[in-house]
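The data block below is target-v5.txt; it holds compact mmCIF, N, CA and C atoms.
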```
# COMPACT_ATOMS: atom_id res chain seq x y z
N MET A 1352 129.36 93.28 177.07
CA MET A 1352 129.73 94.64 177.36
C MET A 1352 129.18 95.07 178.72
N SER A 1353 128.21 94.30 179.19
CA SER A 1353 127.68 94.57 180.53
C SER A 1353 128.77 94.44 181.58
N VAL A 1354 129.70 93.52 181.38
CA VAL A 1354 130.79 93.32 182.34
C VAL A 1354 131.57 94.61 182.51
N LYS A 1355 131.86 95.29 181.42
CA LYS A 1355 132.63 96.53 181.51
C LYS A 1355 131.88 97.57 182.34
N TYR A 1356 130.61 97.72 182.07
CA TYR A 1356 129.87 98.77 182.76
C TYR A 1356 129.52 98.41 184.20
N GLN A 1357 129.41 97.13 184.51
CA GLN A 1357 129.09 96.72 185.87
C GLN A 1357 130.33 96.59 186.75
N THR A 1358 131.47 96.29 186.15
CA THR A 1358 132.68 96.04 186.95
C THR A 1358 133.84 96.96 186.60
N ASN A 1359 133.71 97.73 185.53
CA ASN A 1359 134.79 98.58 185.03
C ASN A 1359 135.98 97.76 184.54
N CYS A 1360 135.76 96.51 184.19
CA CYS A 1360 136.80 95.63 183.68
C CYS A 1360 137.03 95.92 182.20
N THR A 1361 138.29 96.12 181.83
CA THR A 1361 138.60 96.40 180.43
C THR A 1361 139.56 95.37 179.83
N ASN A 1362 139.87 94.32 180.57
CA ASN A 1362 140.73 93.24 180.08
C ASN A 1362 140.01 91.92 180.33
N ILE A 1363 139.89 91.11 179.29
CA ILE A 1363 139.21 89.82 179.41
C ILE A 1363 140.04 88.74 178.75
N ALA A 1364 140.23 87.63 179.47
CA ALA A 1364 140.91 86.45 178.92
C ALA A 1364 139.85 85.36 178.76
N ILE A 1365 139.79 84.76 177.58
CA ILE A 1365 138.79 83.74 177.27
C ILE A 1365 139.46 82.53 176.64
N ASN A 1366 139.08 81.36 177.12
CA ASN A 1366 139.57 80.11 176.54
C ASN A 1366 139.02 79.98 175.12
N LYS A 1367 139.85 79.56 174.20
CA LYS A 1367 139.42 79.43 172.81
C LYS A 1367 138.29 78.43 172.64
N GLU A 1368 138.15 77.52 173.60
CA GLU A 1368 137.08 76.54 173.55
C GLU A 1368 135.71 77.20 173.66
N ALA A 1369 135.65 78.43 174.12
CA ALA A 1369 134.38 79.16 174.21
C ALA A 1369 133.89 79.65 172.84
N PHE A 1370 134.75 79.56 171.84
CA PHE A 1370 134.42 80.02 170.49
C PHE A 1370 134.13 78.83 169.58
N ALA A 1371 133.17 79.01 168.71
CA ALA A 1371 132.89 78.00 167.69
C ALA A 1371 134.07 77.95 166.72
N ASP A 1372 134.30 76.79 166.11
CA ASP A 1372 135.40 76.67 165.14
C ASP A 1372 135.26 77.66 163.99
N THR A 1373 134.04 78.05 163.64
CA THR A 1373 133.85 79.01 162.55
C THR A 1373 134.46 80.37 162.86
N PHE A 1374 134.64 80.66 164.14
CA PHE A 1374 135.30 81.90 164.53
C PHE A 1374 136.70 81.96 163.94
N PHE A 1375 137.37 80.81 163.87
CA PHE A 1375 138.76 80.75 163.41
C PHE A 1375 138.88 80.57 161.90
N THR A 1376 137.76 80.60 161.20
CA THR A 1376 137.74 80.61 159.74
C THR A 1376 137.47 82.05 159.33
N LEU A 1377 138.51 82.77 158.98
CA LEU A 1377 138.38 84.21 158.77
C LEU A 1377 137.39 84.58 157.67
N SER A 1378 137.20 83.70 156.71
CA SER A 1378 136.26 84.01 155.61
C SER A 1378 134.82 84.13 156.09
N THR A 1379 134.51 83.64 157.28
CA THR A 1379 133.15 83.78 157.82
C THR A 1379 132.91 85.19 158.36
N CYS A 1380 133.96 85.94 158.58
CA CYS A 1380 133.93 87.29 159.14
C CYS A 1380 133.46 87.33 160.59
N LEU A 1381 133.23 86.19 161.19
CA LEU A 1381 132.76 86.13 162.57
C LEU A 1381 133.79 86.72 163.53
N ALA A 1382 135.04 86.35 163.38
CA ALA A 1382 136.09 86.86 164.26
C ALA A 1382 136.18 88.38 164.16
N GLY A 1383 136.17 88.88 162.95
CA GLY A 1383 136.27 90.33 162.76
C GLY A 1383 135.12 91.08 163.39
N GLU A 1384 133.91 90.57 163.23
CA GLU A 1384 132.74 91.23 163.79
C GLU A 1384 132.77 91.22 165.32
N ILE A 1385 133.09 90.08 165.89
CA ILE A 1385 133.12 89.97 167.36
C ILE A 1385 134.25 90.80 167.95
N LEU A 1386 135.44 90.66 167.41
CA LEU A 1386 136.59 91.38 167.97
C LEU A 1386 136.45 92.88 167.80
N GLN A 1387 135.81 93.32 166.73
CA GLN A 1387 135.59 94.75 166.53
C GLN A 1387 134.70 95.32 167.64
N LYS A 1388 133.74 94.53 168.10
CA LYS A 1388 132.88 94.98 169.21
C LYS A 1388 133.70 95.23 170.47
N PHE A 1389 134.62 94.32 170.76
CA PHE A 1389 135.48 94.51 171.93
C PHE A 1389 136.27 95.81 171.79
N ILE A 1390 136.84 96.05 170.62
CA ILE A 1390 137.62 97.26 170.40
C ILE A 1390 136.74 98.50 170.53
N ASN A 1391 135.55 98.45 169.94
CA ASN A 1391 134.64 99.60 170.01
C ASN A 1391 134.28 99.97 171.44
N TYR A 1392 134.17 98.98 172.31
CA TYR A 1392 133.82 99.22 173.70
C TYR A 1392 135.04 99.41 174.60
N GLY A 1393 136.22 99.44 174.01
CA GLY A 1393 137.44 99.69 174.79
C GLY A 1393 137.86 98.53 175.67
N ILE A 1394 137.56 97.32 175.22
CA ILE A 1394 137.93 96.13 175.98
C ILE A 1394 139.02 95.39 175.24
N ARG A 1395 140.08 95.08 175.96
CA ARG A 1395 141.19 94.30 175.41
C ARG A 1395 140.91 92.83 175.71
N ILE A 1396 141.19 91.96 174.75
CA ILE A 1396 140.88 90.55 174.90
C ILE A 1396 142.08 89.68 174.58
N ALA A 1397 142.25 88.65 175.38
CA ALA A 1397 143.27 87.63 175.10
C ALA A 1397 142.54 86.30 175.00
N ILE A 1398 142.70 85.64 173.88
CA ILE A 1398 142.11 84.33 173.66
C ILE A 1398 143.24 83.33 173.84
N TYR A 1399 143.04 82.36 174.71
CA TYR A 1399 144.13 81.42 174.99
C TYR A 1399 143.73 79.99 174.68
N GLY A 1400 144.75 79.22 174.29
CA GLY A 1400 144.56 77.81 173.97
C GLY A 1400 145.55 77.37 172.92
N ASP A 1401 145.35 76.17 172.43
CA ASP A 1401 146.24 75.59 171.41
C ASP A 1401 145.68 75.92 170.03
N PHE A 1402 146.40 76.73 169.29
CA PHE A 1402 145.97 77.14 167.96
C PHE A 1402 146.70 76.37 166.86
N SER A 1403 147.46 75.36 167.23
CA SER A 1403 148.30 74.64 166.26
C SER A 1403 147.49 73.84 165.24
N LYS A 1404 146.24 73.51 165.55
CA LYS A 1404 145.45 72.73 164.60
C LYS A 1404 144.98 73.57 163.41
N TYR A 1405 145.07 74.89 163.55
CA TYR A 1405 144.65 75.77 162.47
C TYR A 1405 145.82 76.01 161.54
N THR A 1406 145.66 75.65 160.29
CA THR A 1406 146.76 75.74 159.33
C THR A 1406 146.60 76.87 158.32
N SER A 1407 145.53 77.61 158.42
CA SER A 1407 145.25 78.69 157.49
C SER A 1407 146.31 79.79 157.61
N LYS A 1408 146.94 80.14 156.49
CA LYS A 1408 147.92 81.22 156.51
C LYS A 1408 147.28 82.55 156.90
N PRO A 1409 146.11 82.90 156.37
CA PRO A 1409 145.50 84.16 156.81
C PRO A 1409 145.25 84.21 158.32
N LEU A 1410 144.82 83.09 158.91
CA LEU A 1410 144.60 83.07 160.36
C LEU A 1410 145.92 83.21 161.10
N LYS A 1411 146.95 82.51 160.65
CA LYS A 1411 148.26 82.63 161.30
C LYS A 1411 148.77 84.06 161.22
N ASP A 1412 148.57 84.70 160.06
CA ASP A 1412 148.96 86.11 159.91
C ASP A 1412 148.16 87.01 160.84
N PHE A 1413 146.86 86.74 160.96
CA PHE A 1413 145.99 87.52 161.84
C PHE A 1413 146.43 87.39 163.30
N ILE A 1414 146.74 86.18 163.71
CA ILE A 1414 147.22 85.94 165.07
C ILE A 1414 148.54 86.67 165.31
N TYR A 1415 149.44 86.58 164.35
CA TYR A 1415 150.73 87.26 164.47
C TYR A 1415 150.55 88.77 164.61
N GLU A 1416 149.74 89.35 163.73
CA GLU A 1416 149.52 90.80 163.76
C GLU A 1416 148.82 91.22 165.05
N SER A 1417 147.83 90.43 165.49
CA SER A 1417 147.12 90.74 166.73
C SER A 1417 148.07 90.74 167.92
N ASN A 1418 148.94 89.74 167.98
CA ASN A 1418 149.88 89.63 169.10
C ASN A 1418 150.89 90.77 169.12
N ASN A 1419 151.06 91.45 168.01
CA ASN A 1419 151.98 92.58 167.96
C ASN A 1419 151.26 93.91 168.15
N GLY A 1420 149.96 93.84 168.39
CA GLY A 1420 149.17 95.03 168.64
C GLY A 1420 149.01 95.28 170.14
N LYS A 1421 147.92 95.97 170.50
CA LYS A 1421 147.72 96.28 171.91
C LYS A 1421 146.32 95.98 172.41
N ASP A 1422 145.47 95.35 171.58
CA ASP A 1422 144.09 95.12 171.99
C ASP A 1422 143.64 93.67 171.95
N ILE A 1423 144.19 92.88 171.05
CA ILE A 1423 143.76 91.49 170.86
C ILE A 1423 144.99 90.61 170.87
N PHE A 1424 144.91 89.53 171.67
CA PHE A 1424 146.06 88.63 171.78
C PHE A 1424 145.60 87.18 171.72
N PHE A 1425 146.42 86.35 171.15
CA PHE A 1425 146.22 84.90 171.11
C PHE A 1425 147.40 84.28 171.83
N GLN A 1426 147.13 83.64 172.96
CA GLN A 1426 148.20 83.12 173.80
C GLN A 1426 148.01 81.63 174.07
N PRO A 1427 149.09 80.92 174.42
CA PRO A 1427 149.01 79.47 174.59
C PRO A 1427 148.26 79.02 175.84
N ASP A 1428 148.25 79.84 176.89
CA ASP A 1428 147.57 79.42 178.12
C ASP A 1428 147.07 80.66 178.88
N CYS A 1429 146.29 80.40 179.92
CA CYS A 1429 145.67 81.48 180.69
C CYS A 1429 146.71 82.39 181.34
N ASP A 1430 147.75 81.81 181.89
CA ASP A 1430 148.79 82.63 182.55
C ASP A 1430 149.44 83.60 181.57
N GLU A 1431 149.73 83.12 180.37
CA GLU A 1431 150.34 84.00 179.35
C GLU A 1431 149.35 85.06 178.89
N ALA A 1432 148.07 84.70 178.80
CA ALA A 1432 147.04 85.66 178.41
C ALA A 1432 146.96 86.80 179.42
N ILE A 1433 146.93 86.44 180.69
CA ILE A 1433 146.87 87.45 181.75
C ILE A 1433 148.13 88.31 181.76
N LYS A 1434 149.26 87.68 181.57
CA LYS A 1434 150.53 88.42 181.53
C LYS A 1434 150.51 89.44 180.39
N LYS A 1435 150.05 89.02 179.23
CA LYS A 1435 150.00 89.92 178.07
C LYS A 1435 149.06 91.09 178.34
N LEU A 1436 147.90 90.80 178.91
CA LEU A 1436 146.93 91.87 179.18
C LEU A 1436 147.41 92.85 180.24
N THR A 1437 148.25 92.40 181.14
CA THR A 1437 148.69 93.28 182.23
C THR A 1437 150.01 93.98 181.95
N THR A 1438 150.75 93.54 180.93
CA THR A 1438 152.03 94.19 180.65
C THR A 1438 151.98 95.10 179.43
N ILE A 1439 151.07 94.86 178.52
CA ILE A 1439 150.95 95.70 177.32
C ILE A 1439 149.86 96.74 177.56
N LYS A 1440 150.20 97.99 177.41
CA LYS A 1440 149.21 99.06 177.60
C LYS A 1440 149.03 99.84 176.33
```
Using structure tokens, write down the structure that the file contains.
Amino acid sequence: MSVKYQTNCTNIAINKEAFADTFFTLSTCLAGEILQKFINYGIRIAIYGDFSKYTSKPLKDFIYESNNGKDIFFQPDCDEAIKKLTTIK
């Protein structure tokens, strides 16, 4: 959150490799806790990478719902992540 206050940046794109695999296991609640912090601080986030190895229906549903929202996105690559963050307001 220091980034927001030091740079006034409210959009962040992060490679999925920066997250532990447990982040993508929704039953751990790790994703919910972390992503809620971004929302609370008014930061929009796009996580990019290959999500095809995850077969969990709840995770697929979460990704689908997030991509149809305005704050959290899961995209295949960095360019798409940036595009999503800059076109959806």
Go ahead and find all residues with at least one atom no further than 9 Å from (141.4, 88.9, 178.5) in the file's coordinates, using only C-alpha atoms; report them as a VMD selection string.
chain A and resid 1361 to 1365 1394 to 1399 1423 to 1424 1429 1432 to 1433 1435 to 1436
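With all atoms listed in the file as the atoms that count, the residue of A:Gly1420, A:Gly1383, A:Gly1393, A:Gly1400 with the shortest distance to Asn1366 of chain A is A:Gly1400.
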If you run DSSP on this backbone, which residues of chain A come out as alpha helix (DSSP H), and could you give them as a PyMOL selection string?
chain A and resi 1353-1358+1381-1391+1408-1418+1429-1438
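Nearest to Pro1409 of chain A of all the residues A:Ser1378, A:Lys1388, A:Lys1421, A:Glu1431 is A:Ser1378, counting only C-alpha atoms.
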Determine, counting only C-alpha atoms, which protein, DNA and RNA residues have an atom within 12 Å of an atom of Leu1381 of chain A; residues of the same chain fewer than 6 positions away are not included. Present the result as a list in words.
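Using only C-alpha atoms, the neighbours found are Phe1370, Ala1371, Asp1372, Thr1373, Phe1374, Phe1375, Gln1387 and Lys1388 of chain A.
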